[in-house]
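**Q** Mind having a look at this structure? Questions to follow.
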Amino acid sequence: MLASDKHAFRTALGRFVTGVTIVTTRDQDGKAIGLTANSFNSVSLDPPMVLWSLALGSPNIAAFRHSRAWAVHILSADQEDLSNRFATRGIDKFDGLDIQDGPEGAPLIPGCAARFGCRSAFEYEGGDHAIFVGEVLDLSDSGLQPLVFHDGRYGGVFSGEKSALPAELPDRGEFGRYFIGHLLNRAYHTAFVGLRREYQRRGLRSSEYSVIVALGLGEGCARSDLIQRAANGGVDLPTAAIDGLITRGIIMADGDRLHLTGEGRSLLTELMAVAQAFQLRLEDGLAPYELSQLTALLQKLCNLESPSTASR
Ligand SMILES: Cc1cc2nc3c(=O)[nH]c(=O)nc-3n(C[C@H](O)[C@H](O)[C@H](O)COP(=O)(O)O)c2cc1C
């Protein structure tokens, strides 16, 4: 394949995993300038030097060419929004940020994983980019987890330990912080407690809630299919829950098929809206890559055979 195929070239470059940085400086009028860049790399240890490259078409090219100092901020895992903001042309990127300068004289972005304050040392030609090399004068390292960029998407790093349990537990009570069964149990309660409160408030038990959810808003289904559908979601449906809901007029039997009644449908619609609100609240606390990772890992765990079923 020819490297002149721009799309193929970009796609292949995207296979390389990088961190994400924001490079800042001040222009000749003292105005704060910054942009998102992942072209950052180390150059030399002694003297300490780093590089990054800037598109020649950037409106900030003159500012970096004339500046004597710039700083590279390695973004931390929760700074995805900041990365997007500093990759957007024509907005006030520093809006709402408390702009202080680092010791080298370039604006400082707080909350980063690490920061390199540099004296501008060299500029090289690099096709449609200018390559800037700086000597690192000031360094700070917060130890925060970095943001990762790969294939045009953000991600995070996880160190691969064979066991989540530390070699020595400081206290027996600490076990719950590492044992996956305990963590899942606690996470389940945190994630589900609000929704449970809501269906209980509507006079439903867990098993009845499961029947309504498994029945869904569709065409209804046979009793045996309903039980199978719930089992696929990991729930054993007691037939008493089905019969109780029929008596209360929330579901009805039409021959062999079970349906939600009108009342049942509006109850489910209401509960789905409540569940969605709780889901959004949970999603709010997670970065997109954490969310997709969590979902994939939970699905994987659900498909693992439990030790009791495996030995049967
Ligand atoms: C993850 C990521 C990495 C980027 N890396 C670079 C880079 O190394 N060099 C560059 O010139 N632009 C890079 N960009 C694009 C710039 O951030 C974007 O063009 C921005 O508008 C530049 O700011 P400016 O228009 O104010 O100069 C990157 C964007 C993203 C999202």
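To be explicit about the labels: the chains of the structure tokens are called A, B, and onward in the order shown, and within each one the residues are counted from 1, while ligands get numbers from 1 in the order they are shown.
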Based on the backbone DSSP call, show me all residues of range 4-222 of chain A assigned helix (DSSP H, G or I), as a VMD selection string.

**A** chain A and resid 6 to 13 61 to 66 80 to 86 172 to 177 180 to 201 206 to 215

**Q** Output C-alpha atoms of each residue in that selection to a file, as a tab-separated table (two decimals), in the first residue's frame.

**A**
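The result, stored in result.tsv:
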```tsv
chain	number	residue	atom	x	y	z
A	6	LYS	CA	-3.65	9.67	3.23
A	7	HIS	CA	-6.51	7.74	4.75
A	8	ALA	CA	-4.47	4.51	4.97
A	9	PHE	CA	-1.51	6.45	6.42
A	10	ARG	CA	-3.64	8.08	9.12
A	11	THR	CA	-5.36	4.80	9.96
A	12	ALA	CA	-2.04	2.96	10.28
A	13	LEU	CA	-0.64	5.78	12.46
A	61	ILE	CA	2.31	28.88	14.52
A	62	ALA	CA	3.69	32.43	14.85
A	63	ALA	CA	3.14	32.46	18.62
A	64	PHE	CA	5.17	29.25	19.09
A	65	ARG	CA	7.86	30.40	16.64
A	66	HIS	CA	8.41	33.60	18.61
A	80	GLU	CA	-10.89	14.16	28.06
A	81	ASP	CA	-13.15	17.25	27.97
A	82	LEU	CA	-10.12	19.51	28.23
A	83	SER	CA	-8.45	17.63	25.37
A	84	ASN	CA	-11.51	18.19	23.17
A	85	ARG	CA	-11.73	21.82	24.16
A	86	PHE	CA	-8.07	22.52	23.27
A	172	ARG	CA	-9.17	-8.68	57.43
A	173	GLY	CA	-11.80	-6.01	56.84
A	174	GLU	CA	-9.84	-4.88	53.78
A	175	PHE	CA	-10.72	-8.10	51.94
A	176	GLY	CA	-13.94	-6.55	50.65
A	177	ARG	CA	-11.97	-3.89	48.82
A	180	ILE	CA	-14.33	-9.31	43.13
A	181	GLY	CA	-17.45	-11.01	44.53
A	182	HIS	CA	-17.72	-8.40	47.31
A	183	LEU	CA	-17.00	-5.55	44.93
A	184	LEU	CA	-19.68	-6.71	42.49
A	185	ASN	CA	-22.16	-7.10	45.33
A	186	ARG	CA	-21.48	-3.59	46.62
A	187	ALA	CA	-21.44	-2.11	43.12
A	188	TYR	CA	-24.76	-3.85	42.38
A	189	HIS	CA	-26.35	-2.31	45.47
A	190	THR	CA	-24.97	1.13	44.65
A	191	ALA	CA	-26.18	0.88	41.06
A	192	PHE	CA	-29.55	-0.69	41.81
A	193	VAL	CA	-30.69	0.66	45.16
A	194	GLY	CA	-32.43	3.74	43.69
A	195	LEU	CA	-34.33	1.75	41.08
A	196	ARG	CA	-35.39	-0.86	43.66
A	197	ARG	CA	-36.73	1.89	45.90
A	198	GLU	CA	-38.80	3.15	42.98
A	199	TYR	CA	-40.44	-0.18	42.05
A	200	GLN	CA	-41.03	-1.02	45.70
A	201	ARG	CA	-42.75	2.36	46.05
A	206	SER	CA	-38.09	-7.88	42.88
A	207	SER	CA	-39.56	-11.00	41.24
A	208	GLU	CA	-42.57	-9.04	39.95
A	209	TYR	CA	-40.32	-6.29	38.63
A	210	SER	CA	-38.33	-9.01	36.80
A	211	VAL	CA	-41.52	-10.40	35.22
A	212	ILE	CA	-42.56	-6.97	33.92
A	213	VAL	CA	-39.07	-6.24	32.54
A	214	ALA	CA	-38.75	-9.69	30.93
A	215	LEU	CA	-42.18	-9.31	29.32
```

**Q** Could you report the residues within 7 Å of ligand 1, using only C-alpha atoms and all ligand atoms, as a PyMOL selection string?

**A** chain A and resi 20+34-40+52-55+58-60+83-84+86-90+129+149

**Q** Which one is closest to Tyr124 in chain A: A:Leu51, A:Pro110, A:Ser44, A:Leu147? Count only C-alpha atoms.

**A** A:Leu51

**Q** Just the residues within 10 Å of Glu135 in chain A, please, counting only C-alpha atoms, with nothing from its chain fewer than 3 positions along; format it as a list in words.

**A**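 Close residues of Glu135 in chain A: Val43, Ser44, Leu45, Asp46, Pro47, Pro48, Met49, Val50, Leu51, Ala69, Trp70, Phe116, Gly117, Cys118, Arg119, Ser120, Ala121, Phe122 and Asp138 of chain A.
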
**Q** To one decimal in Å, tell me the separation between CA of Thr239 in chain A and CA of Gly203 in chain A.

**A**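 Rounded to one decimal, the two atoms are 18.0 Å apart.
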
**Q** Between CA of Arg281 in chain A and CA of Thr295 in chain A, what is the distance, to one decimal in Å?

**A**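 Spanning CA of Arg281 in chain A to CA of Thr295 in chain A is a straight-line distance of 15.4 Å.
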
**Q** One number please: CA of Phe94 in chain A to CA of Pro107 in chain A, in Å, one decimal.

**A**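 About the pair CA of Phe94 in chain A and CA of Pro107 in chain A: they are 9.7 Å apart.
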
**Q** Rank A:Asp98, A:Tyr154, A:Leu75, A:Ala296 by their smallest atom-to-atom distance to Ala32 in chain A, using only C-alpha atoms, and report the top residue only.

**A**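 Residue with the minimum atom-to-atom distance to Ala32 in chain A: A:Asp98.
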
**Q** Compare A:Leu137, A:Gly126, A:Leu226, A:Arg202 by their minimum atom-to-atom distance to Glu270 in chain A, counting only C-alpha atoms, and give me the closest one.

**A**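 Counting only C-alpha atoms, the residue closest to Glu270 in chain A is A:Arg202.
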
**Q** Can you pull out every residue within 8 Å of Glu123 in chain A, counting only C-alpha atoms, but drop anything in the same chain fewer than 3 positions away, and send it as a ChimeraX atom specification?

**A** /A:65,130-133

**Q** Excluding Met272 in chain A and its own-chain neighbours fewer than 4 positions away, which residues fall within 10 Å of it when counting only C-alpha atoms? Please give them as a list in words.

**A** Leu195, Val213, Gly216, Ser266, Leu267, Leu268, Gln276, Ala277 and Phe278 of chain A

**Q** Save the residues we just selected, N, CA, C and O atoms, as a PDB file, in the first residue's frame?

**A**
```
ATOM      1  N   LEU A 195     -33.288   2.321  41.929  1.00  0.00           N
ATOM      2  CA  LEU A 195     -34.330   1.749  41.084  1.00  0.00           C
ATOM      3  C   LEU A 195     -35.236   0.828  41.914  1.00  0.00           C
ATOM      4  O   LEU A 195     -36.461   0.851  41.788  1.00  0.00           O
ATOM      5  N   VAL A 213     -40.194  -6.587  33.411  1.00  0.00           N
ATOM      6  CA  VAL A 213     -39.068  -6.237  32.542  1.00  0.00           C
ATOM      7  C   VAL A 213     -38.880  -7.320  31.477  1.00  0.00           C
ATOM      8  O   VAL A 213     -38.675  -7.011  30.301  1.00  0.00           O
ATOM      9  N   GLY A 216     -41.476  -7.063  28.761  1.00  0.00           N
ATOM     10  CA  GLY A 216     -41.164  -5.954  27.848  1.00  0.00           C
ATOM     11  C   GLY A 216     -42.396  -5.361  27.200  1.00  0.00           C
ATOM     12  O   GLY A 216     -43.524  -5.770  27.467  1.00  0.00           O
ATOM     13  N   SER A 266     -47.981   1.125  31.072  1.00  0.00           N
ATOM     14  CA  SER A 266     -47.579   2.462  31.563  1.00  0.00           C
ATOM     15  C   SER A 266     -46.651   2.320  32.765  1.00  0.00           C
ATOM     16  O   SER A 266     -45.735   3.133  32.948  1.00  0.00           O
ATOM     17  N   LEU A 267     -46.845   1.255  33.574  1.00  0.00           N
ATOM     18  CA  LEU A 267     -45.931   1.018  34.697  1.00  0.00           C
ATOM     19  C   LEU A 267     -44.518   0.755  34.181  1.00  0.00           C
ATOM     20  O   LEU A 267     -43.540   1.324  34.675  1.00  0.00           O
ATOM     21  N   LEU A 268     -44.420  -0.093  33.127  1.00  0.00           N
ATOM     22  CA  LEU A 268     -43.086  -0.410  32.589  1.00  0.00           C
ATOM     23  C   LEU A 268     -42.442   0.829  31.963  1.00  0.00           C
ATOM     24  O   LEU A 268     -41.244   1.086  32.161  1.00  0.00           O
ATOM     25  N   GLN A 276     -33.481   4.610  33.221  1.00  0.00           N
ATOM     26  CA  GLN A 276     -32.627   5.388  32.326  1.00  0.00           C
ATOM     27  C   GLN A 276     -31.972   6.547  33.078  1.00  0.00           C
ATOM     28  O   GLN A 276     -30.795   6.848  32.878  1.00  0.00           O
ATOM     29  N   ALA A 277     -32.742   7.186  33.954  1.00  0.00           N
ATOM     30  CA  ALA A 277     -32.204   8.315  34.731  1.00  0.00           C
ATOM     31  C   ALA A 277     -31.070   7.818  35.639  1.00  0.00           C
ATOM     32  O   ALA A 277     -30.029   8.472  35.745  1.00  0.00           O
ATOM     33  N   PHE A 278     -31.264   6.634  36.259  1.00  0.00           N
ATOM     34  CA  PHE A 278     -30.196   6.089  37.113  1.00  0.00           C
ATOM     35  C   PHE A 278     -28.981   5.701  36.282  1.00  0.00           C
ATOM     36  O   PHE A 278     -27.850   5.909  36.697  1.00  0.00           O
TER      37      PHE A 278
END
```

**Q** Write out as a list in words each polymer residue whose atoms come within 9 Å of range 143-146 of chain A, counting only C-alpha atoms; drop sequence neighbours fewer than 5 positions from it.

**A**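 Here the answer would be Gly19, Val20, Ile74, Leu75, Ser76, Ala77, Asp78, Gln79, Gly111, Cys112, Ala113, Ala114, Gly156, Val157 and Phe158 of chain A.
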
**Q** Using the selection just defined, write its residues with all heavy atoms as an mmCIF file, in the first residue's frame.

**A**
```cif
data_model
loop_
_atom_site.group_PDB
_atom_site.id
_atom_site.type_symbol
_atom_site.label_atom_id
_atom_site.label_comp_id
_atom_site.auth_asym_id
_atom_site.auth_seq_id
_atom_site.Cartn_x
_atom_site.Cartn_y
_atom_site.Cartn_z
ATOM 1 N N GLY A 19 -0.148 9.101 24.492
ATOM 2 C CA GLY A 19 -0.840 9.866 25.511
ATOM 3 C C GLY A 19 -1.436 11.086 24.832
ATOM 4 O O GLY A 19 -1.408 11.201 23.596
ATOM 5 N N VAL A 20 -1.992 11.996 25.602
ATOM 6 C CA VAL A 20 -2.530 13.236 25.038
ATOM 7 C C VAL A 20 -1.938 14.395 25.848
ATOM 8 O O VAL A 20 -1.894 14.322 27.082
ATOM 9 C CB VAL A 20 -4.070 13.284 25.133
ATOM 10 C CG1 VAL A 20 -4.611 14.539 24.467
ATOM 11 C CG2 VAL A 20 -4.694 12.049 24.500
ATOM 12 N N ILE A 74 0.924 16.596 30.182
ATOM 13 C CA ILE A 74 0.404 15.248 29.886
ATOM 14 C C ILE A 74 -0.925 15.118 30.620
ATOM 15 O O ILE A 74 -0.991 15.221 31.851
ATOM 16 C CB ILE A 74 1.400 14.165 30.337
ATOM 17 C CG1 ILE A 74 2.707 14.335 29.550
ATOM 18 C CG2 ILE A 74 0.795 12.775 30.119
ATOM 19 C CD1 ILE A 74 3.735 13.266 29.775
ATOM 20 N N LEU A 75 -1.999 14.949 29.852
ATOM 21 C CA LEU A 75 -3.339 14.966 30.463
ATOM 22 C C LEU A 75 -3.608 13.712 31.281
ATOM 23 O O LEU A 75 -3.131 12.623 30.958
ATOM 24 C CB LEU A 75 -4.406 15.126 29.384
ATOM 25 C CG LEU A 75 -4.335 16.426 28.573
ATOM 26 C CD1 LEU A 75 -5.573 16.570 27.693
ATOM 27 C CD2 LEU A 75 -4.206 17.643 29.485
ATOM 28 N N SER A 76 -4.383 13.912 32.346
ATOM 29 C CA SER A 76 -4.748 12.767 33.189
ATOM 30 C C SER A 76 -6.044 12.146 32.655
ATOM 31 O O SER A 76 -6.761 12.740 31.834
ATOM 32 C CB SER A 76 -4.900 13.206 34.648
ATOM 33 O OG SER A 76 -5.849 14.219 34.743
ATOM 34 N N ALA A 77 -6.339 10.942 33.151
ATOM 35 C CA ALA A 77 -7.442 10.128 32.607
ATOM 36 C C ALA A 77 -8.772 10.867 32.564
ATOM 37 O O ALA A 77 -9.589 10.619 31.678
ATOM 38 C CB ALA A 77 -7.575 8.847 33.423
ATOM 39 N N ASP A 78 -9.020 11.787 33.502
ATOM 40 C CA ASP A 78 -10.337 12.447 33.508
ATOM 41 C C ASP A 78 -10.307 13.812 32.803
ATOM 42 O O ASP A 78 -11.191 14.633 33.030
ATOM 43 C CB ASP A 78 -10.879 12.557 34.949
ATOM 44 C CG ASP A 78 -9.965 13.360 35.835
ATOM 45 O OD1 ASP A 78 -8.932 13.835 35.319
ATOM 46 O OD2 ASP A 78 -10.278 13.529 37.027
ATOM 47 N N GLN A 79 -9.307 14.046 31.944
ATOM 48 C CA GLN A 79 -9.234 15.357 31.267
ATOM 49 C C GLN A 79 -9.600 15.285 29.779
ATOM 50 O O GLN A 79 -9.157 16.117 28.987
ATOM 51 C CB GLN A 79 -7.830 15.951 31.455
ATOM 52 C CG GLN A 79 -7.601 16.394 32.903
ATOM 53 C CD GLN A 79 -6.285 17.099 33.091
ATOM 54 O OE1 GLN A 79 -5.251 16.596 32.654
ATOM 55 N NE2 GLN A 79 -6.300 18.254 33.729
ATOM 56 N N GLY A 111 -4.218 19.859 37.267
ATOM 57 C CA GLY A 111 -4.857 18.540 37.260
ATOM 58 C C GLY A 111 -4.262 17.548 36.271
ATOM 59 O O GLY A 111 -4.883 16.523 35.983
ATOM 60 N N CYS A 112 -3.062 17.870 35.715
ATOM 61 C CA CYS A 112 -2.468 16.978 34.709
ATOM 62 C C CYS A 112 -1.657 15.862 35.362
ATOM 63 O O CYS A 112 -1.334 15.914 36.544
ATOM 64 C CB CYS A 112 -1.545 17.778 33.797
ATOM 65 S SG CYS A 112 -2.450 19.040 32.923
ATOM 66 N N ALA A 113 -1.328 14.846 34.545
ATOM 67 C CA ALA A 113 -0.508 13.742 35.062
ATOM 68 C C ALA A 113 0.936 14.208 35.245
ATOM 69 O O ALA A 113 1.588 13.851 36.224
ATOM 70 C CB ALA A 113 -0.566 12.560 34.097
ATOM 71 N N ALA A 114 1.438 14.999 34.287
ATOM 72 C CA ALA A 114 2.805 15.526 34.396
ATOM 73 C C ALA A 114 2.910 16.791 33.554
ATOM 74 O O ALA A 114 2.067 17.037 32.680
ATOM 75 C CB ALA A 114 3.819 14.488 33.914
ATOM 76 N N GLY A 156 -7.688 4.452 28.509
ATOM 77 C CA GLY A 156 -6.932 4.610 29.749
ATOM 78 C C GLY A 156 -5.984 3.450 29.916
ATOM 79 O O GLY A 156 -6.036 2.486 29.156
ATOM 80 N N VAL A 157 -5.105 3.539 30.887
ATOM 81 C CA VAL A 157 -4.181 2.425 31.118
ATOM 82 C C VAL A 157 -4.559 1.665 32.385
ATOM 83 O O VAL A 157 -5.018 2.253 33.358
ATOM 84 C CB VAL A 157 -2.711 2.880 31.273
ATOM 85 C CG1 VAL A 157 -2.073 3.129 29.949
ATOM 86 C CG2 VAL A 157 -2.573 4.062 32.189
ATOM 87 N N PHE A 158 -4.383 0.376 32.327
ATOM 88 C CA PHE A 158 -4.563 -0.471 33.501
ATOM 89 C C PHE A 158 -3.330 -1.358 33.574
ATOM 90 O O PHE A 158 -2.968 -1.968 32.574
ATOM 91 C CB PHE A 158 -5.811 -1.352 33.353
ATOM 92 C CG PHE A 158 -7.085 -0.576 33.507
ATOM 93 C CD1 PHE A 158 -7.719 -0.052 32.402
ATOM 94 C CD2 PHE A 158 -7.630 -0.356 34.760
ATOM 95 C CE1 PHE A 158 -8.883 0.684 32.532
ATOM 96 C CE2 PHE A 158 -8.795 0.371 34.898
ATOM 97 C CZ PHE A 158 -9.424 0.892 33.779
#
```
